Amino acid sequence: MRQEKARVFRNKELAPSCYRIGFKCNIQYSYAKPGQFIMLRFGDRINPLLRRPFSIHRLITKDGDFEGLEVLYKVVGKCTKKLSMCVEGDIIDIIGPLGNSFITSDNYNNVFIVAGGVGVAPMLFLASYLQKNTDISKCTVFIGSRSKHDLLCKDDFLRLGMKVFITTEDGSAGRKGFVTDILETSIKKNHPDIIYGCGPTAMLKPLALISEMYSIPCRVSIETIMACGIGACLGCAVESKKIPEKYLHACLDGPVFDAKAIKL
Ligand SMILES: Cc1cc2nc3c(=O)[nH]c(=O)nc-3n(C[C@H](O)[C@H](O)[C@H](O)COP(=O)(O)OP(=O)(O)OC[C@H]3O[C@@H](n4cnc5c(N)ncnc54)[C@H](O)[C@@H]3O)c2cc1C
Ligand code: FES
């Protein structure tokens, strides 16, 4: 883990209020694993005062050399608004890579990746990591969004050679409904070795239930409020499902958890 000033090299709006920002950073990040995150703030340290957590979305290389990383973010408040106004050459202050990562294995041949909304952010990193580093023969991606306008990263997953299923709440792209609606049918046809998920709690809860019902291991990346990202403030507590009254911390024990281990 290191703190550094990172120089922005691009910042592009991909969908309404959703941006992908790239910044140059130390080569140490080339060893980052999917699921890990950074804590980010601006140079003035005043507004906003606290750092904010963002998943590592992609590692960027140029002519084979590591160049930096990208974060995919949705504008929801002060930090993300300010981030959306960053231009090439601006400096942001980052700490990372932080947290644990998705467990991958060469024994997994058939993998389902389930992402809701901006929850695709860490999943694209995971998908490209699986493609480069493991022997998976099948990887199917399920992306859920409100409408076709909010749909993120579909073409990026397709470029990785993955099969992609889309659902939208208004039916403007793919199947109408929630991403978890089509999951059971796909599981029955094509039982995966593992399911990886990231998205709103309203998506992770049914995902955890479905995976338990079909006895499929399921790992989810959760997004709690985080003030420090390094285990100092205890603000990111998540209740354990296995041990009563025990709390885990999303920044140190997570953000990736076995879906059976935590109360979602
Ligand atoms: C490990 C981790 C990885 C994350 N990765 C990403 C990512 O890749 N892309 C992305 O867009 N966001 C991600 N988030 C969420 C992101 O940290 C928040 O959206 C961000 O902190 C908002 O900052 P802000 O100052 O713009 O909004 P604020 O002014 O802090 O908050 C605006 C509103 O959003 C709510 N809010 C803030 N943080 C969260 C949260 N974590 N969960 C639910 N509601 C929240 C606040 O309660 C408030 O209502 C991640 C969170 C975690 C814990
Ligand atoms: S965010 Fe401070 S302890 Fe986890």
# chains A, B, ... in the order shown; residues from 1 in each chain; ligands from 1

$ residues_near_ligand --ligand "ligand 1" --cutoff "9 Å" --atoms "only C-alpha atoms and all ligand atoms" --output "VMD selection string"
chain A and resid 18 to 19 35 to 39 48 50 to 57 71 to 83 98 to 99 118 to 122 200 221 to 227 229 236 250 to 251 254 to 256

$ select_by_dssp --residues "range 59-193 of chain A" --states "strand (DSSP E)" --output "NGL selection string"
:A and (59-62 or 65-74 or 91-98 or 110-116 or 138-145 or 163-168 or 175-176)

$ residues_around --residues "Ser215 in chain A" --least-positions-apart "3" --cutoff "12 Å" --atoms "only C-alpha atoms" --output "PyMOL selection string"
chain A and resi 187+191-195+207-212+218+259-260

$ write_last_selection --atoms "N, CA and C atoms" --output "PDB file, in the first residue's frame"
ATOM      1  N   ILE A 187     -28.530 -20.900 -14.605  1.00  0.00           N
ATOM      2  CA  ILE A 187     -27.889 -21.878 -13.709  1.00  0.00           C
ATOM      3  C   ILE A 187     -28.378 -23.288 -14.050  1.00  0.00           C
ATOM      4  N   HIS A 191     -24.695 -25.047 -15.069  1.00  0.00           N
ATOM      5  CA  HIS A 191     -24.330 -24.873 -13.655  1.00  0.00           C
ATOM      6  C   HIS A 191     -22.891 -24.331 -13.500  1.00  0.00           C
ATOM      7  N   PRO A 192     -22.721 -23.096 -12.977  1.00  0.00           N
ATOM      8  CA  PRO A 192     -21.363 -22.546 -12.869  1.00  0.00           C
ATOM      9  C   PRO A 192     -20.607 -23.099 -11.658  1.00  0.00           C
ATOM     10  N   ASP A 193     -19.273 -23.034 -11.711  1.00  0.00           N
ATOM     11  CA  ASP A 193     -18.444 -23.457 -10.572  1.00  0.00           C
ATOM     12  C   ASP A 193     -18.447 -22.395  -9.486  1.00  0.00           C
ATOM     13  N   ILE A 194     -18.610 -21.157  -9.892  1.00  0.00           N
ATOM     14  CA  ILE A 194     -18.634 -20.051  -8.925  1.00  0.00           C
ATOM     15  C   ILE A 194     -19.390 -18.870  -9.525  1.00  0.00           C
ATOM     16  N   ILE A 195     -19.978 -18.069  -8.627  1.00  0.00           N
ATOM     17  CA  ILE A 195     -20.608 -16.822  -9.071  1.00  0.00           C
ATOM     18  C   ILE A 195     -19.893 -15.675  -8.360  1.00  0.00           C
ATOM     19  N   LEU A 207     -29.027 -12.627  -5.047  1.00  0.00           N
ATOM     20  CA  LEU A 207     -27.903 -13.382  -5.626  1.00  0.00           C
ATOM     21  C   LEU A 207     -27.379 -14.401  -4.607  1.00  0.00           C
ATOM     22  N   ALA A 208     -27.241 -13.940  -3.358  1.00  0.00           N
ATOM     23  CA  ALA A 208     -26.764 -14.834  -2.292  1.00  0.00           C
ATOM     24  C   ALA A 208     -27.753 -15.980  -2.075  1.00  0.00           C
ATOM     25  N   LEU A 209     -29.045 -15.653  -2.110  1.00  0.00           N
ATOM     26  CA  LEU A 209     -30.082 -16.687  -1.896  1.00  0.00           C
ATOM     27  C   LEU A 209     -30.061 -17.733  -3.006  1.00  0.00           C
ATOM     28  N   ILE A 210     -29.991 -17.252  -4.241  1.00  0.00           N
ATOM     29  CA  ILE A 210     -30.007 -18.170  -5.399  1.00  0.00           C
ATOM     30  C   ILE A 210     -28.772 -19.078  -5.359  1.00  0.00           C
ATOM     31  N   SER A 211     -27.611 -18.495  -5.086  1.00  0.00           N
ATOM     32  CA  SER A 211     -26.392 -19.314  -5.096  1.00  0.00           C
ATOM     33  C   SER A 211     -26.438 -20.358  -3.972  1.00  0.00           C
ATOM     34  N   GLU A 212     -27.035 -19.988  -2.843  1.00  0.00           N
ATOM     35  CA  GLU A 212     -27.141 -20.945  -1.734  1.00  0.00           C
ATOM     36  C   GLU A 212     -28.121 -22.070  -2.101  1.00  0.00           C
ATOM     37  N   CYS A 218     -20.335 -18.397  -3.878  1.00  0.00           N
ATOM     38  CA  CYS A 218     -20.623 -17.047  -4.379  1.00  0.00           C
ATOM     39  C   CYS A 218     -19.797 -16.022  -3.607  1.00  0.00           C
ATOM     40  N   ALA A 259     -20.578 -14.866   0.121  1.00  0.00           N
ATOM     41  CA  ALA A 259     -21.936 -14.347   0.323  1.00  0.00           C
ATOM     42  C   ALA A 259     -22.626 -14.991   1.528  1.00  0.00           C
ATOM     43  N   LYS A 260     -22.158 -16.203   1.935  1.00  0.00           N
ATOM     44  CA  LYS A 260     -22.782 -16.885   3.083  1.00  0.00           C
ATOM     45  C   LYS A 260     -22.255 -16.352   4.416  1.00  0.00           C
TER      46      LYS A 260
END

$ closest_residue --among "A:Gly199, A:Asn133, A:Val114, A:Asp170" --to "Leu183 in chain A" --atoms "only C-alpha atoms"
A:Val114

$ atom_distance --atom1 "CA of Asn11 in chain A" --atom2 "CA of Arg58 in chain A"
13.5 Å

$ select_by_dssp --residues "range 32-195 of chain A" --states "helix (DSSP H, G or I)" --output "number ranges by chain"
A: 78-84, 117-133, 148-150, 154-159, 179-181, 183-189

$ write_last_selection --atoms "C-alpha atoms" --output "PDB file, in the first residue's frame"
ATOM      1  CA  LYS A  78     -19.326  16.004  -3.543  1.00  0.00           C
ATOM      2  CA  CYS A  79     -16.308  13.847  -4.368  1.00  0.00           C
ATOM      3  CA  THR A  80     -17.704  12.247  -7.502  1.00  0.00           C
ATOM      4  CA  LYS A  81     -18.982  15.629  -8.750  1.00  0.00           C
ATOM      5  CA  LYS A  82     -15.507  17.085  -8.322  1.00  0.00           C
ATOM      6  CA  LEU A  83     -13.985  14.019  -9.960  1.00  0.00           C
ATOM      7  CA  SER A  84     -16.266  14.458 -12.981  1.00  0.00           C
ATOM      8  CA  GLY A 117     -25.238  -0.619 -12.261  1.00  0.00           C
ATOM      9  CA  VAL A 118     -21.814   0.786 -11.464  1.00  0.00           C
ATOM     10  CA  GLY A 119     -21.066  -2.594  -9.826  1.00  0.00           C
ATOM     11  CA  VAL A 120     -19.513  -3.514 -13.185  1.00  0.00           C
ATOM     12  CA  ALA A 121     -16.480  -1.459 -12.085  1.00  0.00           C
ATOM     13  CA  PRO A 122     -14.452  -4.235 -10.374  1.00  0.00           C
ATOM     14  CA  MET A 123     -15.988  -6.947 -12.572  1.00  0.00           C
ATOM     15  CA  LEU A 124     -14.314  -5.801 -15.764  1.00  0.00           C
ATOM     16  CA  PHE A 125     -10.949  -6.033 -14.003  1.00  0.00           C
ATOM     17  CA  LEU A 126     -11.948  -9.508 -12.768  1.00  0.00           C
ATOM     18  CA  ALA A 127     -13.028 -10.624 -16.252  1.00  0.00           C
ATOM     19  CA  SER A 128      -9.782  -9.522 -17.902  1.00  0.00           C
ATOM     20  CA  TYR A 129      -7.764 -11.087 -15.063  1.00  0.00           C
ATOM     21  CA  LEU A 130      -9.595 -14.418 -15.490  1.00  0.00           C
ATOM     22  CA  GLN A 131      -9.074 -14.313 -19.228  1.00  0.00           C
ATOM     23  CA  LYS A 132      -5.320 -13.674 -18.899  1.00  0.00           C
ATOM     24  CA  ASN A 133      -4.441 -15.761 -15.850  1.00  0.00           C
ATOM     25  CA  LYS A 148     -30.180   1.157 -21.985  1.00  0.00           C
ATOM     26  CA  HIS A 149     -28.804   4.617 -21.177  1.00  0.00           C
ATOM     27  CA  ASP A 150     -27.218   3.388 -17.925  1.00  0.00           C
ATOM     28  CA  LYS A 154     -21.142  -4.387 -22.340  1.00  0.00           C
ATOM     29  CA  ASP A 155     -18.760  -3.984 -25.296  1.00  0.00           C
ATOM     30  CA  ASP A 156     -15.686  -4.293 -23.040  1.00  0.00           C
ATOM     31  CA  PHE A 157     -16.858  -7.728 -21.845  1.00  0.00           C
ATOM     32  CA  LEU A 158     -17.725  -8.763 -25.412  1.00  0.00           C
ATOM     33  CA  ARG A 159     -14.231  -7.735 -26.559  1.00  0.00           C
ATOM     34  CA  VAL A 179     -30.476  -9.307 -13.495  1.00  0.00           C
ATOM     35  CA  THR A 180     -31.166 -11.970 -10.874  1.00  0.00           C
ATOM     36  CA  ASP A 181     -34.419 -12.895 -12.690  1.00  0.00           C
ATOM     37  CA  LEU A 183     -29.901 -16.140 -13.374  1.00  0.00           C
ATOM     38  CA  GLU A 184     -31.851 -19.194 -12.252  1.00  0.00           C
ATOM     39  CA  THR A 185     -32.694 -20.222 -15.815  1.00  0.00           C
ATOM     40  CA  SER A 186     -29.028 -19.901 -16.779  1.00  0.00           C
ATOM     41  CA  ILE A 187     -27.889 -21.878 -13.709  1.00  0.00           C
ATOM     42  CA  LYS A 188     -30.266 -24.732 -14.616  1.00  0.00           C
ATOM     43  CA  LYS A 189     -28.870 -24.865 -18.165  1.00  0.00           C
TER      44      LYS A 189
END

$ closest_residue --among "A:Thr104, A:Ala237, A:Glu245, A:Asn190" --to "Tyr214 in chain A" --atoms "only C-alpha atoms"
A:Asn190

$ atom_distance --atom1 "CA of Thr140 in chain A" --atom2 "CA of Lys241 in chain A"
28.4 Å

$ closest_residue --among "A:Ile27, A:Ile113, A:Val238, A:Phe165" --to "ligand 2" --atoms "only C-alpha atoms and all ligand atoms"
A:Val238

$ atom_distance --atom1 "CA of Ile143 in chain A" --atom2 "CA of Ser101 in chain A"
20.3 Å
